[in-house]
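Student: Compact mmCIF, C-alpha atoms, file model12.txt:
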```txt
# COMPACT_ATOMS: atom_id res chain seq x y z
CA MET V 12 18.55 -3.06 23.19
CA LEU V 13 18.66 -4.21 19.57
CA LEU V 14 16.86 -7.50 19.09
CA PHE V 15 17.88 -9.74 16.20
CA ARG V 16 16.13 -12.61 14.49
CA LYS V 17 16.90 -14.73 11.44
CA ASN V 18 13.47 -15.96 10.41
CA ALA V 19 13.53 -19.57 9.26
CA SER V 20 10.30 -19.47 7.26
CA GLN V 21 10.62 -19.12 3.49
CA ASP V 22 6.89 -18.65 2.97
CA ILE V 23 6.36 -15.13 1.64
CA TYR V 24 2.91 -14.83 3.22
CA ALA V 25 4.14 -15.94 6.65
CA ASN V 26 7.04 -13.49 6.51
CA LEU V 27 4.83 -10.57 5.46
CA ALA V 28 2.34 -11.50 8.19
CA MET V 29 5.17 -11.60 10.75
CA GLU V 30 6.31 -8.12 9.72
CA ASP V 31 2.76 -6.86 10.11
CA ALA V 32 2.36 -8.50 13.54
CA LEU V 33 5.66 -7.07 14.81
CA LEU V 34 4.79 -3.60 13.57
CA GLU V 35 1.39 -3.78 15.23
CA ALA V 36 2.89 -5.01 18.51
CA GLY V 37 5.47 -2.21 18.78
CA GLY V 38 7.46 -2.82 21.96
CA ASP V 39 10.35 -1.37 23.89
CA ASN V 40 13.24 -2.49 21.69
CA ARG V 41 14.46 -2.00 18.17
CA LEU V 42 14.36 -5.20 16.13
CA LEU V 43 16.27 -6.36 13.06
CA MET V 44 14.84 -9.38 11.24
CA LEU V 45 16.52 -11.08 8.28
CA TRP V 46 14.72 -13.51 6.00
CA THR V 47 14.47 -15.00 2.53
CA ALA V 48 11.49 -16.43 0.67
CA ASP V 49 10.75 -18.91 -2.07
CA ASP V 50 9.90 -17.53 -5.52
CA ALA V 51 7.37 -14.70 -5.31
CA VAL V 52 6.50 -11.30 -6.72
CA VAL V 53 5.61 -8.84 -3.96
CA LEU V 54 3.59 -5.74 -4.83
CA GLY V 55 3.68 -2.46 -2.97
CA LYS V 56 0.50 -1.59 -1.06
CA ASN V 57 -0.84 0.73 -3.80
CA GLN V 58 0.12 -1.14 -6.96
CA ASN V 59 -1.75 -2.83 -9.79
CA PRO V 60 -0.74 -6.49 -10.28
CA TRP V 61 -1.45 -6.49 -14.03
CA ILE V 62 0.80 -3.48 -14.60
CA GLU V 63 3.65 -4.97 -12.58
CA THR V 64 3.53 -8.64 -13.64
CA ASN V 65 1.38 -11.32 -15.26
CA PRO V 66 -0.59 -13.10 -12.51
CA SER V 67 -1.65 -15.96 -14.82
CA ILE V 68 1.96 -16.71 -15.78
CA LEU V 69 3.01 -16.59 -12.13
CA GLN V 70 0.36 -19.12 -11.22
CA HIS V 71 1.35 -21.38 -14.12
CA GLU V 72 5.02 -21.28 -13.07
CA GLY V 73 4.32 -21.77 -9.36
CA ILE V 74 5.46 -18.27 -8.37
CA LYS V 75 3.44 -16.67 -5.59
CA LEU V 76 1.90 -13.22 -5.89
CA ALA V 77 1.76 -11.16 -2.70
CA ARG V 78 1.12 -7.63 -1.49
CA ARG V 79 2.92 -5.99 1.45
CA VAL V 80 1.77 -3.30 3.90
CA SER V 81 4.35 -0.75 2.72
CA GLY V 82 4.40 1.34 -0.44
CA GLY V 83 7.00 1.34 -3.19
CA GLY V 84 7.47 -0.88 -6.21
CA ALA V 85 7.21 -4.55 -7.07
CA VAL V 86 10.02 -6.89 -6.01
CA PHE V 87 10.98 -10.42 -7.02
CA HIS V 88 11.90 -12.68 -4.11
CA ASP V 89 13.79 -15.94 -4.11
CA THR V 90 16.20 -17.57 -1.68
CA GLY V 91 19.09 -15.58 -3.16
CA ASN V 92 17.40 -12.28 -2.27
CA LEU V 93 17.97 -11.22 1.35
CA ASN V 94 15.27 -9.19 3.05
CA TYR V 95 16.10 -7.02 6.08
CA SER V 96 13.28 -5.64 8.25
CA ILE V 97 14.14 -3.02 10.85
CA PHE V 98 11.51 -1.86 13.36
CA LEU V 99 12.19 1.53 14.94
CA PRO V 100 10.40 4.14 17.08
CA ARG V 101 8.82 6.72 14.78
CA TRP V 102 10.66 9.65 16.35
CA THR V 103 14.09 8.12 15.61
CA TYR V 104 13.43 7.07 12.01
CA GLN V 105 14.95 8.57 8.88
CA SER V 106 15.08 6.52 5.71
CA SER V 107 18.43 8.08 4.76
CA CYS V 108 19.96 6.82 8.01
CA VAL V 109 18.88 3.25 7.28
CA HIS V 110 20.31 3.53 3.77
CA GLU V 111 23.61 4.70 5.26
CA ILE V 112 23.74 1.69 7.56
CA VAL V 113 23.10 -0.76 4.71
CA VAL V 114 25.69 1.00 2.54
CA ARG V 115 28.19 0.81 5.40
CA ALA V 116 27.57 -2.93 5.67
CA LEU V 117 28.22 -3.46 1.95
CA ARG V 118 31.32 -1.29 1.98
CA SER V 119 32.71 -3.41 4.81
CA LEU V 120 32.54 -6.31 2.32
CA GLY V 121 34.44 -4.32 -0.31
CA PHE V 122 31.53 -3.08 -2.44
CA ASP V 123 31.43 0.45 -3.84
CA ALA V 124 27.88 0.97 -2.59
CA SER V 125 25.62 4.00 -2.29
CA GLY V 126 21.99 4.50 -1.34
CA SER V 127 19.05 6.88 -1.61
CA ASP V 128 15.25 6.86 -1.57
CA GLU V 129 15.18 7.53 -5.30
CA LYS V 130 17.73 4.96 -6.55
CA GLY V 131 17.72 2.39 -3.78
CA ILE V 132 20.98 0.61 -2.95
CA THR V 133 23.43 0.57 -5.83
CA VAL V 134 26.87 -0.89 -6.48
CA GLY V 135 28.57 0.99 -9.26
CA ASP V 136 25.84 1.90 -11.73
CA LYS V 137 23.55 -1.07 -11.01
CA LYS V 138 20.87 -1.59 -8.41
CA VAL V 139 21.27 -4.33 -5.82
CA GLY V 140 18.37 -3.47 -3.53
CA GLY V 141 15.28 -1.42 -2.90
CA SER V 142 13.35 -0.47 0.21
CA ALA V 143 9.98 0.70 1.49
CA PHE V 144 8.49 1.72 4.81
CA CYS V 145 5.25 1.74 6.76
CA TYR V 146 4.26 3.89 9.76
CA ARG V 147 1.87 2.57 12.39
CA LYS V 148 1.16 4.28 15.69
CA ASP V 149 4.55 5.08 17.28
CA TRP V 150 6.56 2.62 15.19
CA VAL V 151 7.87 2.28 11.67
CA LEU V 152 8.89 -0.71 9.60
CA HIS V 153 11.67 -0.11 7.07
CA HIS V 154 12.37 -3.16 4.97
CA GLY V 155 14.48 -3.78 1.93
CA THR V 156 15.99 -6.42 -0.30
CA LEU V 157 19.56 -7.16 -1.31
CA LEU V 158 20.27 -9.22 -4.41
CA VAL V 159 22.93 -11.63 -3.21
CA SER V 160 22.58 -14.57 -5.60
CA ALA V 161 19.09 -14.17 -7.04
CA ASN V 162 17.93 -15.65 -10.33
CA LEU V 163 18.10 -12.45 -12.38
CA GLU V 164 16.66 -14.07 -15.50
CA LYS V 165 13.56 -15.05 -13.54
CA LEU V 166 13.47 -11.61 -11.89
CA ASN V 167 13.35 -9.84 -15.24
CA HIS V 168 10.86 -12.33 -16.64
CA THR V 169 8.40 -12.05 -13.75
CA LEU V 170 8.46 -8.26 -13.54
CA GLU V 171 7.36 -7.77 -17.15
CA PRO V 172 3.94 -6.04 -17.21
CA PHE V 173 1.01 -7.93 -18.71
CA LEU V 174 -1.11 -4.86 -19.52
CA THR V 175 0.14 -1.40 -20.44
CA ASP V 176 -3.06 0.28 -21.66
CA ILE V 177 -4.40 0.98 -18.16
CA GLU V 178 -5.50 4.33 -16.76
CA SER V 179 -4.87 4.45 -13.02
CA HIS V 180 -3.40 6.53 -10.22
CA CYS V 181 -1.63 3.47 -8.80
CA VAL V 182 2.07 3.54 -7.90
CA ARG V 183 4.18 2.22 -10.76
CA SER V 184 7.57 0.59 -10.33
CA LYS V 185 10.69 2.31 -11.59
CA ARG V 186 12.67 -0.12 -13.72
CA ALA V 187 16.43 -0.28 -13.23
CA GLU V 188 19.32 -2.47 -14.32
CA VAL V 189 20.25 -4.84 -11.50
CA ARG V 190 23.10 -7.10 -10.43
CA ASN V 191 23.88 -9.62 -7.71
CA LEU V 192 26.42 -9.04 -4.98
CA GLY V 193 27.76 -12.50 -5.74
CA CYS V 194 29.06 -13.37 -2.27
CA GLU V 195 28.04 -15.69 0.55
CA MET V 196 24.63 -14.94 2.07
CA SER V 197 26.03 -15.42 5.59
CA MET V 198 28.63 -12.69 4.98
CA VAL V 199 25.94 -10.16 4.06
CA GLU V 200 23.80 -11.18 7.03
CA GLN V 201 26.67 -10.72 9.47
CA ALA V 202 27.71 -7.41 7.88
CA LEU V 203 24.17 -6.06 8.24
CA ARG V 204 23.89 -7.15 11.85
CA SER V 205 27.25 -5.58 12.72
CA ALA V 206 26.43 -2.34 10.88
CA PHE V 207 23.13 -1.90 12.75
CA GLU V 208 24.84 -2.65 16.07
CA THR V 209 27.47 0.00 15.34
CA ALA V 210 24.90 2.56 14.21
CA PHE V 211 22.81 2.14 17.36
CA ASP V 212 25.87 1.76 19.61
CA MET V 213 24.48 -1.40 21.15
CA GLU V 214 24.99 -5.13 20.90
CA SER V 215 22.15 -7.24 19.59
CA ARG V 216 20.72 -10.35 21.16
CA ASN V 217 18.75 -13.08 19.50
CA ALA V 218 15.02 -12.72 20.01
CA ASP V 219 12.09 -15.09 19.78
CA LEU V 220 9.39 -13.96 17.40
CA PRO V 221 5.78 -13.98 18.61
CA GLU V 222 3.33 -16.61 17.50
CA LEU V 223 0.99 -15.41 14.79
CA ASN V 224 -2.70 -15.43 15.75
CA SER V 225 -3.60 -18.88 14.40
CA ALA V 226 -3.48 -19.15 10.63
CA GLY V 227 -5.65 -16.08 10.19
CA ASP V 228 -2.80 -13.63 9.92
CA VAL V 229 -1.16 -15.61 7.13
CA GLU V 230 -4.46 -16.31 5.38
CA ARG V 231 -5.19 -12.58 5.18
CA PHE V 232 -2.00 -12.03 3.19
CA LYS V 233 -2.85 -15.02 0.97
CA SER V 234 -6.38 -13.82 0.26
CA SER V 235 -7.64 -12.45 -3.04
CA GLU V 236 -9.25 -9.64 -1.06
CA TRP V 237 -5.80 -8.45 -0.02
CA ILE V 238 -3.78 -9.25 -3.16
CA TYR V 239 -6.31 -8.13 -5.77
CA GLY V 240 -8.92 -6.30 -3.71
CA ARG V 241 -6.48 -3.59 -2.62
CA THR V 242 -5.76 -2.62 -6.24
CA PRO V 243 -6.64 1.05 -6.87
CA ARG V 244 -9.53 1.64 -9.30
CA PHE V 245 -8.44 1.56 -12.95
CA THR V 246 -9.77 1.57 -16.50
CA CYS V 247 -8.65 -1.05 -19.01
CA GLN V 248 -9.23 -0.74 -22.73
CA SER V 249 -10.55 -3.73 -24.69
CA VAL V 250 -11.51 -4.14 -28.33
CA ASP V 251 -15.16 -3.59 -27.35
CA GLY V 252 -14.60 -0.62 -25.06
CA PRO V 253 -13.30 0.28 -21.60
CA PHE V 254 -13.77 -1.79 -18.46
CA VAL V 255 -13.72 -0.02 -15.10
CA VAL V 256 -12.30 -2.20 -12.31
CA ALA V 257 -12.57 -1.49 -8.59
CA LYS V 258 -11.01 -3.69 -5.90
CA GLY V 259 -10.14 -6.28 -8.54
CA VAL V 260 -13.79 -6.63 -9.65
CA ILE V 261 -15.32 -5.32 -12.89
CA GLU V 262 -17.54 -2.37 -12.01
CA SER V 263 -18.73 -1.48 -15.52
CA GLY V 264 -17.94 -2.37 -19.11
CA PRO V 265 -19.29 -3.02 -22.60
CA ASP V 266 -20.33 -6.60 -21.72
CA SER V 267 -22.69 -6.57 -18.76
CA LYS V 268 -22.28 -10.28 -18.04
CA TRP V 269 -18.84 -9.54 -16.58
CA VAL V 270 -19.99 -6.82 -14.20
CA GLY V 271 -19.42 -7.93 -10.62
CA ARG V 272 -16.95 -10.66 -11.60
CA PRO V 273 -13.17 -10.71 -10.98
CA PHE V 274 -11.07 -8.91 -13.58
CA GLU V 275 -8.61 -11.82 -13.66
CA GLU V 276 -11.46 -14.16 -14.60
CA TRP V 277 -12.26 -11.93 -17.58
CA LEU V 278 -8.63 -11.95 -18.66
CA LEU V 279 -8.44 -15.73 -18.44
CA SER V 280 -11.49 -15.98 -20.69
CA GLY V 281 -9.41 -14.55 -23.54
CA SER V 282 -11.83 -11.67 -24.07
CA LEU V 283 -9.10 -9.03 -24.15
```
Spit out the file's structure as structure tokens when you get a sec.
Tutor:
Amino acid sequence: MLLFRKNASQDIYANLAMEDALLEAGGDNRLLMLWTADDAVVLGKNQNPWIETNPSILQHEGIKLARRVSGGGAVFHDTGNLNYSIFLPRWTYQSSCVHEIVVRALRSLGFDASGSDEKGITVGDKKVGGSAFCYRKDWVLHHGTLLVSANLEKLNHTLEPFLTDIESHCVRSKRAEVRNLGCEMSMVEQALRSAFETAFDMESRNADLPELNSAGDVERFKSSEWIYGRTPRFTCQSVDGPFVVAKGVIESGPDSKWVGRPFEEWLLSGSL
């Protein structure tokens, strides 16, 4: 059986927490979940927020910063960006197969689409979506975005890096020219659902999503420990010398008063 759910929440942290809870729960059935979120920049699990965006600007503009459980690059979310989350048994999963299903859905709407791990989902020579995946126990989450009617000006603005002079082994996003599909969101949602039903040779039925364990699940994804603390160790150059930052906290640097304090706090002080 293929279970289907259109998640009503537009809170990025609640949606990421729901993905995590569903992946952890596993189950007996494949599940397709569709959702959108209010303005947010979502980092891959192994990315550096200051390379991918400007956290201070995001906060000033009321745009949330989040980190997901899967790898890959940074993504801008808004209500014009459709996210599809497919949960599959590990032994059946191939990323190329999921790409083929999404491409089939877009072609059913008349788009000249193609897809691959390297380029994501493209229409013509422009990117309309990316994807990432996460294995856990016997299950895998493959999720991706499709730019339906997103604010592309805000997308490009929010994904501008704040710092470039950083030495790190973190995963860096691959920049690409993007476009919107420019059609009704409901059309894309229905096309995706139908394409997954056809691929799995089974009808889907609407499913209730489990309750998250109190607010704790969501709070974990909101926490600085998750968003900044999961940042791989890096070295940032300043006019006075290099700062070494581990888990979002300054580990060593030319000014000892900052050791043990959050790197973002140092940036906000204007000491760069």
Student: So what do you get for CA of Glu236 in chain V versus CA of Val260 in chain V, distance-wise?
Tutor: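 These two atoms are separated by 10.2 Å.
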Student: From the options V:Ala36, V:Ala85, V:Ala77, V:Leu54, which residue's atoms come nearest to Arg231 in chain V, counting all atoms listed in the file?
Tutor: V:Ala77
Student: With all atoms listed in the file as the atoms that count, which of V:Met196, V:Ala51, V:Leu163, V:Met12 lies nearest to Leu27 in chain V?
Tutor: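 The shortest atom-to-atom distance to Leu27 in chain V comes from V:Ala51.
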Student: Could you please determine the separation between CA of Lys233 in chain V and CA of Asp39 in chain V in Å, to one decimal place?
Tutor: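 These atoms are spaced 29.8 Å apart.
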Student: List the neighbours of range 166-175 of chain V out to 9 Å using all atoms listed in the file; skip same-chain residues closer than 5 positions along the sequence, and give me the result as a list in words.
Tutor: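 So the residues in contact are Ala51, Val52, Pro60, Trp61, Ile62, Glu63, Thr64, Asn65, Pro66, Ile68, Leu69, Ile74, Ala85, Val86, Phe87, His88, Asp89, Ala161 and Cys247 of chain V.
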Student: Find the distance between CA of Leu157 in chain V and CA of Gly141 in chain V and write it in Å to one decimal.
Tutor: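 Rounded to one decimal, the two atoms are 7.3 Å apart.
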Student: With distances taken over all atoms listed in the file, which of V:Leu117, V:Asn94, V:Asn162, V:Ser67 is nearest to Ser280 in chain V?
Tutor: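 Smallest separation from Ser280 in chain V among the options: V:Ser67.
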Student: Looking at all atoms listed in the file, which of V:Gly264, V:Pro273, V:Gly135, V:Gly193 is the one that sits closest to Gly91 in chain V?
Tutor: V:Gly193
Student: For Trp237 in chain V, list every protein, DNA or RNA residue within 10 Å, evaluated using only C-alpha atoms, and leave out those in the same chain fewer than 3 positions away; present the list as a PyMOL selection string.
Tutor: chain V and resi 56+77-80+230-234+240-242+258-259
Student: Compute the distance from (9.1, 2.5, 10.5) to each atom, counting all atoms listed in the file, keep the residues with any atom at most 12 Å away, and return them as a ChimeraX atom specification; use the coordinates of the file.
Tutor: /V:30-31,33-35,37,41-43,80-82,96-106,108-109,142-155
Student: Calculated over all atoms listed in the file, which of the candidates V:Phe122, V:Ser215, V:Asp251, V:Arg190 has the smallest distance to Asn40 in chain V?
Tutor: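 Looking at the shortest contact to Asn40 in chain V, the residue is V:Ser215.
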Student: For Glu72 in chain V, which residue among V:Lys165, V:Ile177, V:Ile132, V:Ala202 is the nearest when counting all atoms listed in the file?
Tutor: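 When distances to Glu72 in chain V are compared using all atoms listed in the file, the smallest one comes from V:Lys165.
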Student: Return the padded bounding box of range 34-39 of chain V as AutoDock Vina command-line options: axis-aligned, built from all atoms listed in the file, 3 Å added on each side, with centre and edge lengths in Å to one decimal.
Tutor:
```
--center_x 5.9 --center_y -3.2 --center_z 18.7 --size_x 15.0 --size_y 9.6 --size_z 16.3
```
Student: Do a neighbour search on Asp136 in chain V at 10 Å with only C-alpha atoms, toss out local chain neighbours closer than 5 positions, and write the hits as a list in words.
Tutor: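 Everything that qualifies: Asp123, Ala124, Ser125, Ala187, Glu188, Val189 and Arg190 of chain V.
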Student: Can you give me N, CA and C atoms for range 124-138 of chain V, written as an mmCIF file, keeping the file's coordinate frame?
Tutor:
```cif
data_model
loop_
_atom_site.group_PDB
_atom_site.id
_atom_site.type_symbol
_atom_site.label_atom_id
_atom_site.label_comp_id
_atom_site.auth_asym_id
_atom_site.auth_seq_id
_atom_site.Cartn_x
_atom_site.Cartn_y
_atom_site.Cartn_z
ATOM 1 N N ALA V 124 29.340 0.839 -2.692
ATOM 2 C CA ALA V 124 27.880 0.970 -2.590
ATOM 3 C C ALA V 124 27.467 2.397 -2.273
ATOM 4 N N SER V 125 26.249 2.736 -2.662
ATOM 5 C CA SER V 125 25.620 4.000 -2.290
ATOM 6 C C SER V 125 24.123 3.759 -2.173
ATOM 7 N N GLY V 126 23.420 4.711 -1.549
ATOM 8 C CA GLY V 126 21.990 4.500 -1.340
ATOM 9 C C GLY V 126 21.214 5.780 -1.246
ATOM 10 N N SER V 127 19.960 5.736 -1.714
ATOM 11 C CA SER V 127 19.050 6.880 -1.610
ATOM 12 C C SER V 127 17.624 6.376 -1.781
ATOM 13 N N ASP V 128 16.651 7.212 -1.380
ATOM 14 C CA ASP V 128 15.250 6.860 -1.570
ATOM 15 C C ASP V 128 14.926 6.684 -3.047
ATOM 16 N N GLU V 129 15.513 7.523 -3.875
ATOM 17 C CA GLU V 129 15.180 7.530 -5.300
ATOM 18 C C GLU V 129 15.763 6.332 -6.037
ATOM 19 N N LYS V 130 17.038 6.000 -5.784
ATOM 20 C CA LYS V 130 17.730 4.960 -6.550
ATOM 21 C C LYS V 130 17.855 3.641 -5.819
ATOM 22 N N GLY V 131 17.527 3.605 -4.546
ATOM 23 C CA GLY V 131 17.720 2.390 -3.780
ATOM 24 C C GLY V 131 19.178 2.192 -3.434
ATOM 25 N N ILE V 132 19.584 0.946 -3.234
ATOM 26 C CA ILE V 132 20.980 0.610 -2.950
ATOM 27 C C ILE V 132 21.642 0.195 -4.243
ATOM 28 N N THR V 133 22.731 0.864 -4.589
ATOM 29 C CA THR V 133 23.430 0.570 -5.830
ATOM 30 C C THR V 133 24.876 0.203 -5.558
ATOM 31 N N VAL V 134 25.439 -0.589 -6.453
ATOM 32 C CA VAL V 134 26.870 -0.890 -6.480
ATOM 33 C C VAL V 134 27.350 -0.532 -7.869
ATOM 34 N N GLY V 135 28.228 0.458 -7.950
ATOM 35 C CA GLY V 135 28.570 0.990 -9.260
ATOM 36 C C GLY V 135 27.348 1.652 -9.860
ATOM 37 N N ASP V 136 26.995 1.287 -11.069
ATOM 38 C CA ASP V 136 25.840 1.900 -11.730
ATOM 39 C C ASP V 136 24.636 0.968 -11.783
ATOM 40 N N LYS V 137 24.653 -0.111 -10.988
ATOM 41 C CA LYS V 137 23.550 -1.070 -11.010
ATOM 42 C C LYS V 137 22.909 -1.215 -9.635
ATOM 43 N N LYS V 138 21.638 -1.473 -9.651
ATOM 44 C CA LYS V 138 20.870 -1.590 -8.410
ATOM 45 C C LYS V 138 21.008 -2.984 -7.813
#
```
